[in-house]
Amino acid sequence: QVQLVESGGGLVQAGGSLRLSCAASVRTFNNYAMGWFRQAPGKERDFVAAVSPTGGNTYYADSVKGRFTISRDNDKNTVYLQMNSLKPEDTAVYYCAADLVRFRWDIRLTSDEYDYWGQGTQVTVSS
């Protein structure tokens, strides 16, 4: 069983930055592909970013490309989402997700591919 705990959310003005963290309680963190998703009120959960087990492969939603950066520290069992140039439309609950994969370059882009989820952290961007 993998437990994921997100932190770092909060209220920020448009144009500001936040860094989300997701700590995983698992021994073999470097065998998991990790992802970030977000869900705004009344909307579906959307993909934001994903990273392969070693961090060498990343992918972003078009809406955040160039503004957000996903990274991971396998020594700390933690994945990060650096969010810059935040916009009001980035307001949502952000969720971290994990999936045990076979290859170090594997990446997961859809929510149904992930087996483990965190409880979410609220990000609110004011205009």
# chains A, B, ... in the order shown; residues from 1 in each chain; ligands from 1
call {"tool": "residues_around", "arguments": {"residues": "range 104-116 of chain A", "least_positions_apart": "5", "cutoff": "6 Å", "atoms": "only C-alpha atoms", "output": "MDAnalysis selection string"}}
result
chainID A and resid 33 52:54 97:99
call {"tool": "write_last_selection", "arguments": {"atoms": "all heavy atoms", "output": "PDB file, in the first residue's frame"}}
result
ATOM      1  N   ALA A  33       5.910   5.540 -11.390  1.00  0.00           N
ATOM      2  CA  ALA A  33       5.635   6.741 -12.159  1.00  0.00           C
ATOM      3  C   ALA A  33       4.718   7.618 -11.320  1.00  0.00           C
ATOM      4  O   ALA A  33       3.820   7.114 -10.642  1.00  0.00           O
ATOM      5  CB  ALA A  33       4.976   6.396 -13.482  1.00  0.00           C
ATOM      6  N   SER A  52       8.523  10.065 -15.054  1.00  0.00           N
ATOM      7  CA  SER A  52       8.902   8.655 -15.015  1.00  0.00           C
ATOM      8  C   SER A  52       9.661   8.341 -13.723  1.00  0.00           C
ATOM      9  O   SER A  52      10.057   9.260 -13.001  1.00  0.00           O
ATOM     10  CB  SER A  52       9.772   8.329 -16.230  1.00  0.00           C
ATOM     11  OG  SER A  52      10.927   9.155 -16.229  1.00  0.00           O
ATOM     12  N   PRO A  53       9.896   7.087 -13.426  1.00  0.00           N
ATOM     13  CA  PRO A  53      10.540   6.716 -12.158  1.00  0.00           C
ATOM     14  C   PRO A  53      11.893   7.369 -11.893  1.00  0.00           C
ATOM     15  O   PRO A  53      12.181   7.729 -10.747  1.00  0.00           O
ATOM     16  CB  PRO A  53      10.676   5.207 -12.264  1.00  0.00           C
ATOM     17  CG  PRO A  53       9.509   4.801 -13.089  1.00  0.00           C
ATOM     18  CD  PRO A  53       9.362   5.895 -14.114  1.00  0.00           C
ATOM     19  N   THR A  54      12.691   7.536 -12.926  1.00  0.00           N
ATOM     20  CA  THR A  54      14.008   8.149 -12.702  1.00  0.00           C
ATOM     21  C   THR A  54      14.007   9.657 -12.906  1.00  0.00           C
ATOM     22  O   THR A  54      15.019  10.310 -12.685  1.00  0.00           O
ATOM     23  CB  THR A  54      15.047   7.529 -13.642  1.00  0.00           C
ATOM     24  OG1 THR A  54      14.625   7.757 -14.987  1.00  0.00           O
ATOM     25  CG2 THR A  54      15.212   6.037 -13.388  1.00  0.00           C
ATOM     26  N   ALA A  97      -0.479  11.417  -7.685  1.00  0.00           N
ATOM     27  CA  ALA A  97      -0.838  10.026  -7.965  1.00  0.00           C
ATOM     28  C   ALA A  97       0.405   9.205  -8.264  1.00  0.00           C
ATOM     29  O   ALA A  97       1.411   9.742  -8.738  1.00  0.00           O
ATOM     30  CB  ALA A  97      -1.794   9.967  -9.145  1.00  0.00           C
ATOM     31  N   ALA A  98       0.301   7.902  -7.991  1.00  0.00           N
ATOM     32  CA  ALA A  98       1.442   6.997  -8.197  1.00  0.00           C
ATOM     33  C   ALA A  98       0.999   5.709  -8.866  1.00  0.00           C
ATOM     34  O   ALA A  98      -0.110   5.218  -8.621  1.00  0.00           O
ATOM     35  CB  ALA A  98       2.103   6.676  -6.861  1.00  0.00           C
ATOM     36  N   ASP A  99       1.866   5.167  -9.705  1.00  0.00           N
ATOM     37  CA  ASP A  99       1.601   3.881 -10.346  1.00  0.00           C
ATOM     38  C   ASP A  99       2.896   3.082 -10.443  1.00  0.00           C
ATOM     39  O   ASP A  99       3.917   3.614 -10.920  1.00  0.00           O
ATOM     40  CB  ASP A  99       1.006   4.087 -11.732  1.00  0.00           C
ATOM     41  CG  ASP A  99       0.607   2.782 -12.385  1.00  0.00           C
ATOM     42  OD1 ASP A  99      -0.106   1.994 -11.730  1.00  0.00           O
ATOM     43  OD2 ASP A  99       1.023   2.530 -13.525  1.00  0.00           O
TER      44      ASP A  99
END
call {"tool": "atom_distance", "arguments": {"atom1": "CA of Leu81 in chain A", "atom2": "CA of Arg27 in chain A"}}
result
21.5 Å
call {"tool": "atom_distance", "arguments": {"atom1": "CA of Gly8 in chain A", "atom2": "CA of Ser21 in chain A"}}
result
6.1 Å
call {"tool": "residues_around", "arguments": {"residues": "Lys43 in chain A", "least_positions_apart": "5", "cutoff": "12 Å", "atoms": "only C-alpha atoms", "output": "list in words"}}
result
Arg38, Glu89, Thr91, Ala92 and Val93 of chain A
call {"tool": "write_last_selection", "arguments": {"atoms": "N, CA and C atoms", "output": "PDB file, in the first residue's frame"}}
result
ATOM      1  N   ARG A  38      -5.500  17.872 -11.297  1.00  0.00           N
ATOM      2  CA  ARG A  38      -6.220  18.915 -10.579  1.00  0.00           C
ATOM      3  C   ARG A  38      -7.710  18.855 -10.909  1.00  0.00           C
ATOM      4  N   GLU A  89      -7.306  30.648 -13.445  1.00  0.00           N
ATOM      5  CA  GLU A  89      -7.820  29.362 -13.936  1.00  0.00           C
ATOM      6  C   GLU A  89      -7.026  28.161 -13.455  1.00  0.00           C
ATOM      7  N   THR A  91      -6.749  27.667 -10.337  1.00  0.00           N
ATOM      8  CA  THR A  91      -7.385  27.369  -9.053  1.00  0.00           C
ATOM      9  C   THR A  91      -8.054  25.997  -9.099  1.00  0.00           C
ATOM     10  N   ALA A  92      -7.692  25.146  -8.149  1.00  0.00           N
ATOM     11  CA  ALA A  92      -8.220  23.779  -8.114  1.00  0.00           C
ATOM     12  C   ALA A  92      -7.639  23.055  -6.900  1.00  0.00           C
ATOM     13  N   VAL A  93      -8.172  21.884  -6.642  1.00  0.00           N
ATOM     14  CA  VAL A  93      -7.524  20.954  -5.721  1.00  0.00           C
ATOM     15  C   VAL A  93      -6.548  20.129  -6.547  1.00  0.00           C
TER      16      VAL A  93
END
call {"tool": "select_by_dssp", "arguments": {"residues": "chain A", "states": "helix (DSSP H, G or I)", "output": "count of residues only"}}
result
9
call {"tool": "residues_around", "arguments": {"residues": "Gly9 in chain A", "least_positions_apart": "2", "cutoff": "8 Å", "atoms": "only C-alpha atoms", "output": "MDAnalysis selection string"}}
result
chainID A and resid 7 11 18:20 121:124
call {"tool": "decode", "arguments": {"residues": "range 67-95 of chain A", "atoms": "N, CA, C and O atoms", "output": "JSON list (two decimals), in the first residue's frame"}}
result
[["chain", "number", "residue", "atom", "x", "y", "z"],
["A", 67, "ARG", "N", 5.09, 26.83, -17.74],
["A", 67, "ARG", "CA", 4.85, 27.50, -16.45],
["A", 67, "ARG", "C", 5.09, 26.56, -15.27],
["A", 67, "ARG", "O", 5.54, 27.00, -14.21],
["A", 68, "PHE", "N", 4.75, 25.30, -15.42],
["A", 68, "PHE", "CA", 4.89, 24.31, -14.35],
["A", 68, "PHE", "C", 6.04, 23.37, -14.65],
["A", 68, "PHE", "O", 6.32, 23.05, -15.81],
["A", 69, "THR", "N", 6.68, 22.90, -13.59],
["A", 69, "THR", "CA", 7.76, 21.93, -13.72],
["A", 69, "THR", "C", 7.58, 20.82, -12.69],
["A", 69, "THR", "O", 7.46, 21.09, -11.49],
["A", 70, "ILE", "N", 7.54, 19.58, -13.18],
["A", 70, "ILE", "CA", 7.47, 18.43, -12.30],
["A", 70, "ILE", "C", 8.87, 17.87, -12.11],
["A", 70, "ILE", "O", 9.66, 17.82, -13.05],
["A", 71, "SER", "N", 9.18, 17.48, -10.89],
["A", 71, "SER", "CA", 10.48, 16.87, -10.60],
["A", 71, "SER", "C", 10.32, 15.91, -9.43],
["A", 71, "SER", "O", 9.27, 15.89, -8.78],
["A", 72, "ARG", "N", 11.34, 15.12, -9.21],
["A", 72, "ARG", "CA", 11.27, 14.18, -8.11],
["A", 72, "ARG", "C", 12.64, 14.00, -7.48],
["A", 72, "ARG", "O", 13.67, 14.14, -8.13],
["A", 73, "ASP", "N", 12.62, 13.68, -6.20],
["A", 73, "ASP", "CA", 13.84, 13.35, -5.45],
["A", 73, "ASP", "C", 13.63, 11.95, -4.88],
["A", 73, "ASP", "O", 12.92, 11.79, -3.87],
["A", 74, "ASN", "N", 14.22, 10.96, -5.51],
["A", 74, "ASN", "CA", 13.98, 9.58, -5.10],
["A", 74, "ASN", "C", 14.62, 9.27, -3.74],
["A", 74, "ASN", "O", 14.21, 8.32, -3.07],
["A", 75, "ASP", "N", 15.62, 10.05, -3.35],
["A", 75, "ASP", "CA", 16.22, 9.84, -2.03],
["A", 75, "ASP", "C", 15.26, 10.27, -0.91],
["A", 75, "ASP", "O", 15.35, 9.79, 0.21],
["A", 76, "LYS", "N", 14.37, 11.21, -1.25],
["A", 76, "LYS", "CA", 13.42, 11.73, -0.27],
["A", 76, "LYS", "C", 12.01, 11.20, -0.49],
["A", 76, "LYS", "O", 11.08, 11.61, 0.20],
["A", 77, "ASN", "N", 11.85, 10.31, -1.48],
["A", 77, "ASN", "CA", 10.51, 9.76, -1.79],
["A", 77, "ASN", "C", 9.49, 10.88, -2.02],
["A", 77, "ASN", "O", 8.35, 10.79, -1.55],
["A", 78, "THR", "N", 9.89, 11.88, -2.75],
["A", 78, "THR", "CA", 9.04, 13.06, -2.92],
["A", 78, "THR", "C", 9.02, 13.50, -4.39],
["A", 78, "THR", "O", 10.05, 13.47, -5.06],
["A", 79, "VAL", "N", 7.84, 13.90, -4.82],
["A", 79, "VAL", "CA", 7.67, 14.50, -6.14],
["A", 79, "VAL", "C", 7.18, 15.92, -5.93],
["A", 79, "VAL", "O", 6.45, 16.21, -4.98],
["A", 80, "TYR", "N", 7.62, 16.83, -6.81],
["A", 80, "TYR", "CA", 7.32, 18.24, -6.67],
["A", 80, "TYR", "C", 6.60, 18.76, -7.92],
["A", 80, "TYR", "O", 6.74, 18.20, -9.00],
["A", 81, "LEU", "N", 5.86, 19.83, -7.72],
["A", 81, "LEU", "CA", 5.28, 20.57, -8.84],
["A", 81, "LEU", "C", 5.54, 22.04, -8.59],
["A", 81, "LEU", "O", 4.92, 22.65, -7.72],
["A", 82, "GLN", "N", 6.49, 22.58, -9.33],
["A", 82, "GLN", "CA", 6.78, 24.01, -9.25],
["A", 82, "GLN", "C", 5.85, 24.73, -10.19],
["A", 82, "GLN", "O", 5.85, 24.45, -11.40],
["A", 83, "MET", "N", 5.08, 25.66, -9.65],
["A", 83, "MET", "CA", 4.08, 26.36, -10.45],
["A", 83, "MET", "C", 4.42, 27.84, -10.46],
["A", 83, "MET", "O", 4.42, 28.50, -9.42],
["A", 84, "ASN", "N", 4.73, 28.34, -11.64],
["A", 84, "ASN", "CA", 5.06, 29.76, -11.82],
["A", 84, "ASN", "C", 4.01, 30.43, -12.70],
["A", 84, "ASN", "O", 3.24, 29.77, -13.38],
["A", 85, "SER", "N", 4.02, 31.76, -12.68],
["A", 85, "SER", "CA", 3.09, 32.54, -13.51],
["A", 85, "SER", "C", 1.66, 32.04, -13.35],
["A", 85, "SER", "O", 0.95, 31.82, -14.34],
["A", 86, "LEU", "N", 1.25, 31.87, -12.12],
["A", 86, "LEU", "CA", -0.07, 31.29, -11.86],
["A", 86, "LEU", "C", -1.18, 32.20, -12.34],
["A", 86, "LEU", "O", -1.08, 33.44, -12.29],
["A", 87, "LYS", "N", -2.25, 31.56, -12.80],
["A", 87, "LYS", "CA", -3.43, 32.25, -13.32],
["A", 87, "LYS", "C", -4.65, 31.86, -12.49],
["A", 87, "LYS", "O", -4.67, 30.77, -11.90],
["A", 88, "PRO", "N", -5.68, 32.69, -12.47],
["A", 88, "PRO", "CA", -6.89, 32.31, -11.73],
["A", 88, "PRO", "C", -7.45, 30.97, -12.18],
["A", 88, "PRO", "O", -8.00, 30.22, -11.36],
["A", 89, "GLU", "N", -7.31, 30.65, -13.45],
["A", 89, "GLU", "CA", -7.82, 29.36, -13.94],
["A", 89, "GLU", "C", -7.03, 28.16, -13.45],
["A", 89, "GLU", "O", -7.40, 27.02, -13.71],
["A", 90, "ASP", "N", -5.92, 28.40, -12.77],
["A", 90, "ASP", "CA", -5.18, 27.29, -12.15],
["A", 90, "ASP", "C", -5.77, 26.90, -10.80],
["A", 90, "ASP", "O", -5.33, 25.92, -10.19],
["A", 91, "THR", "N", -6.75, 27.67, -10.34],
["A", 91, "THR", "CA", -7.38, 27.37, -9.05],
["A", 91, "THR", "C", -8.05, 26.00, -9.10],
["A", 91, "THR", "O", -8.85, 25.72, -9.99],
["A", 92, "ALA", "N", -7.69, 25.15, -8.15],
["A", 92, "ALA", "CA", -8.22, 23.78, -8.11],
["A", 92, "ALA", "C", -7.64, 23.05, -6.90],
["A", 92, "ALA", "O", -6.72, 23.57, -6.25],
["A", 93, "VAL", "N", -8.17, 21.88, -6.64],
["A", 93, "VAL", "CA", -7.52, 20.95, -5.72],
["A", 93, "VAL", "C", -6.55, 20.13, -6.55],
["A", 93, "VAL", "O", -6.93, 19.55, -7.57],
["A", 94, "TYR", "N", -5.31, 20.09, -6.09],
["A", 94, "TYR", "CA", -4.26, 19.38, -6.80],
["A", 94, "TYR", "C", -3.98, 18.05, -6.10],
["A", 94, "TYR", "O", -3.80, 18.00, -4.89],
["A", 95, "TYR", "N", -3.97, 16.99, -6.92],
["A", 95, "TYR", "CA", -3.77, 15.64, -6.42],
["A", 95, "TYR", "C", -2.50, 15.03, -6.97],
["A", 95, "TYR", "O", -2.19, 15.17, -8.16]]
